[in-house]
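S.K.: Pasting a structure below so you can have a look.
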Amino acid sequence: MALDKNQIAKRIAREVKDGFYVNLGIGIPTLVANYVRTDISVEFQSENGVLGMGPFPYEGEEDADIINAGKQTITTLPGASFFDSAFSFGMIRAQKVDLTILGAMEVSENGDIANWKIPGKMVKGMGGAMDLVASAENIIVAMMHVNKAGESKILKKCTLPLTGVGCVKKVVTELAVMEITPNGFKLLERAPGVTVDHIIASTEAELIIEGDIPEMTID
């Protein structure tokens, strides 16, 4: 079966290691904070000026003054700090963030990412995406494998305006986990019950497939 958005976030949470400073992009990435192991220490950073974000608040416990960069209400952990966006982007540009998790509309086989604009549709702006992709050493993309029309978003070449070039390291979708290699997308894992043939049929780019592909562990 294909994963839902929470299951994608749960799988990505396994990539978060003890001691990491992590930036979560808008969309599916914001859910990752809900699934990080409780026995490790992780600092979540938001480019609007928060360090030490916690899980989303329960209904009725929201504080409208405490939000992330996507204007969603958040919780903070003991020791959290607040600062202006200039200081926040200073952290990002100085490569103080160990892992950046972003959503995307398209990713290409050489690691290009398009995640900010669809031509003809009004957008508020790129936000912090360009700084994040230009500065991050490790970028994981959380996205849906296909669009609403069933067309692949895992492409040989992006068709939408690019946010960054050659920067994505790994992609997790509702169907698969893929790594960007010098030779393109390498299939690492498949969603439970999803066949390799189904993933191939849903992917416009060529996939590197070596041996038996294991199912994801999302428990």
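Letters A, B, ... go to the chains of the structure tokens in the order shown; residues in each chain start at 1; ligands are counted from 1 in the same order.
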Residues at most 6 Å from Lys169 in chain A, counting only C-alpha atoms, excluding those fewer than 3 positions away in the same chain, as a PyMOL selection string?

M.R.: chain A and resi 139-140+180

S.K.: Go ahead and write the residues just picked, N, CA, C and O atoms, as a PDB file, in the first residue's frame.

M.R.:
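Output saved as part.pdb:
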ATOM      1  N   ILE A 139      20.232  17.204   2.303  1.00  0.00           N
ATOM      2  CA  ILE A 139      18.838  17.544   2.043  1.00  0.00           C
ATOM      3  C   ILE A 139      18.057  16.282   1.711  1.00  0.00           C
ATOM      4  O   ILE A 139      18.419  15.540   0.789  1.00  0.00           O
ATOM      5  N   ILE A 140      17.008  16.050   2.474  1.00  0.00           N
ATOM      6  CA  ILE A 140      16.084  14.961   2.189  1.00  0.00           C
ATOM      7  C   ILE A 140      14.754  15.582   1.768  1.00  0.00           C
ATOM      8  O   ILE A 140      14.264  16.515   2.419  1.00  0.00           O
ATOM      9  N   ILE A 180      19.945   9.867  -4.385  1.00  0.00           N
ATOM     10  CA  ILE A 180      20.508  10.477  -5.590  1.00  0.00           C
ATOM     11  C   ILE A 180      21.988  10.107  -5.671  1.00  0.00           C
ATOM     12  O   ILE A 180      22.774  10.415  -4.774  1.00  0.00           O
TER      13      ILE A 180
END

S.K.: Among range 65-131 of chain A, which ones does DSSP assign to strand (DSSP E) (computed from the backbone)? Answer as a PyMOL selection string.

M.R.: chain A and resi 76-82+99-103+106-108+113-114

S.K.: Kindly export the residues of the current selection with all heavy atoms, as an mmCIF file, in the first residue's frame.

M.R.:
data_model
loop_
_atom_site.group_PDB
_atom_site.id
_atom_site.type_symbol
_atom_site.label_atom_id
_atom_site.label_comp_id
_atom_site.auth_asym_id
_atom_site.auth_seq_id
_atom_site.Cartn_x
_atom_site.Cartn_y
_atom_site.Cartn_z
ATOM 1 N N THR A 76 7.230 24.361 21.902
ATOM 2 C CA THR A 76 8.673 24.492 22.073
ATOM 3 C C THR A 76 9.119 23.611 23.230
ATOM 4 O O THR A 76 8.360 23.346 24.165
ATOM 5 C CB THR A 76 9.080 25.952 22.348
ATOM 6 O OG1 THR A 76 8.336 26.446 23.471
ATOM 7 C CG2 THR A 76 8.805 26.818 21.141
ATOM 8 N N LEU A 77 10.356 23.164 23.156
ATOM 9 C CA LEU A 77 10.927 22.308 24.187
ATOM 10 C C LEU A 77 11.666 23.163 25.220
ATOM 11 O O LEU A 77 12.012 24.321 24.948
ATOM 12 C CB LEU A 77 11.883 21.306 23.541
ATOM 13 C CG LEU A 77 11.264 20.381 22.490
ATOM 14 C CD1 LEU A 77 12.346 19.498 21.870
ATOM 15 C CD2 LEU A 77 10.158 19.527 23.087
ATOM 16 N N PRO A 78 11.926 22.630 26.409
ATOM 17 C CA PRO A 78 12.699 23.371 27.408
ATOM 18 C C PRO A 78 14.027 23.846 26.830
ATOM 19 O O PRO A 78 14.737 23.082 26.175
ATOM 20 C CB PRO A 78 12.912 22.345 28.526
ATOM 21 C CG PRO A 78 11.732 21.421 28.408
ATOM 22 C CD PRO A 78 11.475 21.311 26.931
ATOM 23 N N GLY A 79 14.331 25.118 27.048
ATOM 24 C CA GLY A 79 15.568 25.687 26.525
ATOM 25 C C GLY A 79 15.435 26.290 25.143
ATOM 26 O O GLY A 79 16.424 26.781 24.584
ATOM 27 N N ALA A 80 14.247 26.266 24.558
ATOM 28 C CA ALA A 80 14.043 26.843 23.225
ATOM 29 C C ALA A 80 14.349 28.332 23.234
ATOM 30 O O ALA A 80 14.236 29.008 24.265
ATOM 31 C CB ALA A 80 12.616 26.599 22.769
ATOM 32 N N SER A 81 14.743 28.845 22.073
ATOM 33 C CA SER A 81 15.066 30.262 21.966
ATOM 34 C C SER A 81 14.410 30.875 20.740
ATOM 35 O O SER A 81 14.087 30.174 19.773
ATOM 36 C CB SER A 81 16.589 30.467 21.911
ATOM 37 O OG SER A 81 17.161 29.733 20.841
ATOM 38 N N PHE A 82 14.215 32.187 20.799
ATOM 39 C CA PHE A 82 13.587 32.937 19.712
ATOM 40 C C PHE A 82 14.512 34.082 19.310
ATOM 41 O O PHE A 82 15.141 34.710 20.169
ATOM 42 C CB PHE A 82 12.231 33.501 20.160
ATOM 43 C CG PHE A 82 11.257 32.457 20.612
ATOM 44 C CD1 PHE A 82 11.231 32.033 21.929
ATOM 45 C CD2 PHE A 82 10.374 31.882 19.713
ATOM 46 C CE1 PHE A 82 10.341 31.068 22.354
ATOM 47 C CE2 PHE A 82 9.479 30.912 20.119
ATOM 48 C CZ PHE A 82 9.451 30.493 21.440
ATOM 49 N N LEU A 99 20.781 18.818 8.928
ATOM 50 C CA LEU A 99 19.847 18.133 8.038
ATOM 51 C C LEU A 99 18.703 19.066 7.702
ATOM 52 O O LEU A 99 18.114 19.688 8.594
ATOM 53 C CB LEU A 99 19.305 16.860 8.699
ATOM 54 C CG LEU A 99 18.196 16.101 7.969
ATOM 55 C CD1 LEU A 99 18.681 15.588 6.615
ATOM 56 C CD2 LEU A 99 17.681 14.945 8.828
ATOM 57 N N THR A 100 18.391 19.183 6.429
ATOM 58 C CA THR A 100 17.247 19.968 5.972
ATOM 59 C C THR A 100 16.260 19.027 5.278
ATOM 60 O O THR A 100 16.648 18.247 4.400
ATOM 61 C CB THR A 100 17.695 21.065 4.991
ATOM 62 O OG1 THR A 100 18.569 21.961 5.668
ATOM 63 C CG2 THR A 100 16.502 21.844 4.460
ATOM 64 N N ILE A 101 14.996 19.107 5.699
ATOM 65 C CA ILE A 101 13.948 18.257 5.130
ATOM 66 C C ILE A 101 12.940 19.163 4.444
ATOM 67 O O ILE A 101 12.330 20.023 5.090
ATOM 68 C CB ILE A 101 13.275 17.404 6.224
ATOM 69 C CG1 ILE A 101 14.330 16.565 6.953
ATOM 70 C CG2 ILE A 101 12.206 16.498 5.611
ATOM 71 C CD1 ILE A 101 13.814 15.873 8.199
ATOM 72 N N LEU A 102 12.782 19.007 3.148
ATOM 73 C CA LEU A 102 11.954 19.898 2.345
ATOM 74 C C LEU A 102 10.883 19.137 1.581
ATOM 75 O O LEU A 102 11.059 17.960 1.253
ATOM 76 C CB LEU A 102 12.816 20.661 1.334
ATOM 77 C CG LEU A 102 13.894 21.589 1.888
ATOM 78 C CD1 LEU A 102 14.743 22.135 0.752
ATOM 79 C CD2 LEU A 102 13.265 22.729 2.679
ATOM 80 N N GLY A 103 9.803 19.818 1.276
ATOM 81 C CA GLY A 103 8.831 19.307 0.313
ATOM 82 C C GLY A 103 9.256 19.719 -1.083
ATOM 83 O O GLY A 103 10.141 20.566 -1.259
ATOM 84 N N GLU A 106 8.876 18.806 -7.782
ATOM 85 C CA GLU A 106 9.632 17.938 -8.690
ATOM 86 C C GLU A 106 11.058 17.778 -8.178
ATOM 87 O O GLU A 106 11.619 18.699 -7.578
ATOM 88 C CB GLU A 106 9.698 18.529 -10.112
ATOM 89 C CG GLU A 106 8.363 18.666 -10.818
ATOM 90 C CD GLU A 106 8.490 19.332 -12.182
ATOM 91 O OE1 GLU A 106 9.565 19.955 -12.461
ATOM 92 O OE2 GLU A 106 7.530 19.268 -12.963
ATOM 93 N N VAL A 107 11.632 16.609 -8.424
ATOM 94 C CA VAL A 107 13.057 16.376 -8.192
ATOM 95 C C VAL A 107 13.610 15.652 -9.409
ATOM 96 O O VAL A 107 12.971 14.741 -9.939
ATOM 97 C CB VAL A 107 13.307 15.532 -6.920
ATOM 98 C CG1 VAL A 107 14.789 15.188 -6.785
ATOM 99 C CG2 VAL A 107 12.832 16.283 -5.671
ATOM 100 N N SER A 108 14.797 16.052 -9.861
ATOM 101 C CA SER A 108 15.402 15.420 -11.036
ATOM 102 C C SER A 108 16.461 14.420 -10.613
ATOM 103 O O SER A 108 16.931 14.417 -9.472
ATOM 104 C CB SER A 108 16.016 16.475 -11.953
ATOM 105 O OG SER A 108 17.239 16.943 -11.401
ATOM 106 N N ILE A 113 15.983 20.466 -7.482
ATOM 107 C CA ILE A 113 14.696 20.522 -6.802
ATOM 108 C C ILE A 113 13.909 21.745 -7.270
ATOM 109 O O ILE A 113 14.465 22.841 -7.437
ATOM 110 C CB ILE A 113 14.873 20.559 -5.269
ATOM 111 C CG1 ILE A 113 13.516 20.622 -4.551
ATOM 112 C CG2 ILE A 113 15.776 21.694 -4.823
ATOM 113 C CD1 ILE A 113 13.606 20.510 -3.045
ATOM 114 N N ALA A 114 12.629 21.538 -7.513
ATOM 115 C CA ALA A 114 11.687 22.624 -7.816
ATOM 116 C C ALA A 114 10.595 22.561 -6.757
ATOM 117 O O ALA A 114 9.868 21.565 -6.691
ATOM 118 C CB ALA A 114 11.103 22.456 -9.215
#

S.K.: With the cut-off set at 7 Å and counting only C-alpha atoms, tabulate each residue of range 109-194 of chain A with an atom at most that distance from an atom of range 86-95 of chain A, showing the nearest atom pair and its distance in Å to one decimal, ordered by chain and increasing number, as a Markdown table.

M.R.:
| residue | atom | partner | partner_atom | distance |
| --- | --- | --- | --- | --- |
| A:Asp131 | CA | A:Arg93 | CA | 6.7 |
| A:Leu132 | CA | A:Ile92 | CA | 6.5 |
| A:Ser135 | CA | A:Arg93 | CA | 5.3 |
| A:Ala136 | CA | A:Gln95 | CA | 6.1 |

S.K.: With a distance cut-off of 10 Å and only C-alpha atoms, select the neighbouring residues of Lys71 in chain A, excluding the residue or stretch itself and same-chain residues fewer than 4 positions from it, and output the selection as a ChimeraX atom specification.

M.R.: /A:26,48,64-67

S.K.: Would you write out those residues with N, CA, C and O atoms, as a PDB file, in the first residue's frame?

M.R.:
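The result, stored in part.pdb:
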ATOM      1  N   ILE A  26       8.021  23.432   4.791  1.00  0.00           N
ATOM      2  CA  ILE A  26       6.557  23.466   4.872  1.00  0.00           C
ATOM      3  C   ILE A  26       5.971  22.195   4.271  1.00  0.00           C
ATOM      4  O   ILE A  26       6.510  21.620   3.330  1.00  0.00           O
ATOM      5  N   ASN A  48      11.951  31.402  10.587  1.00  0.00           N
ATOM      6  CA  ASN A  48      11.352  32.627  11.117  1.00  0.00           C
ATOM      7  C   ASN A  48      11.922  32.996  12.486  1.00  0.00           C
ATOM      8  O   ASN A  48      11.575  34.028  13.045  1.00  0.00           O
ATOM      9  N   ALA A  64      -1.201  31.130  19.558  1.00  0.00           N
ATOM     10  CA  ALA A  64      -1.123  31.782  18.249  1.00  0.00           C
ATOM     11  C   ALA A  64       0.141  32.602  18.063  1.00  0.00           C
ATOM     12  O   ALA A  64       0.491  32.971  16.935  1.00  0.00           O
ATOM     13  N   ASP A  65       0.857  32.900  19.149  1.00  0.00           N
ATOM     14  CA  ASP A  65       2.093  33.683  19.052  1.00  0.00           C
ATOM     15  C   ASP A  65       3.319  32.814  18.784  1.00  0.00           C
ATOM     16  O   ASP A  65       4.406  33.343  18.541  1.00  0.00           O
ATOM     17  N   ILE A  66       3.164  31.488  18.871  1.00  0.00           N
ATOM     18  CA  ILE A  66       4.303  30.591  18.649  1.00  0.00           C
ATOM     19  C   ILE A  66       4.039  29.783  17.389  1.00  0.00           C
ATOM     20  O   ILE A  66       3.237  28.848  17.392  1.00  0.00           O
ATOM     21  N   ILE A  67       4.698  30.167  16.301  1.00  0.00           N
ATOM     22  CA  ILE A  67       4.441  29.557  15.000  1.00  0.00           C
ATOM     23  C   ILE A  67       5.758  29.220  14.308  1.00  0.00           C
ATOM     24  O   ILE A  67       6.820  29.733  14.662  1.00  0.00           O
TER      25      ILE A  67
END

S.K.: Return the single residue from A:Ala2, A:Val133, A:Ile12, A:Ile200 that is closest to Cys167 in chain A, with distances computed using only C-alpha atoms.

M.R.: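 Of A:Ala2, A:Val133, A:Ile12, A:Ile200, the one nearest Cys167 in chain A is A:Val133, counting only C-alpha atoms.
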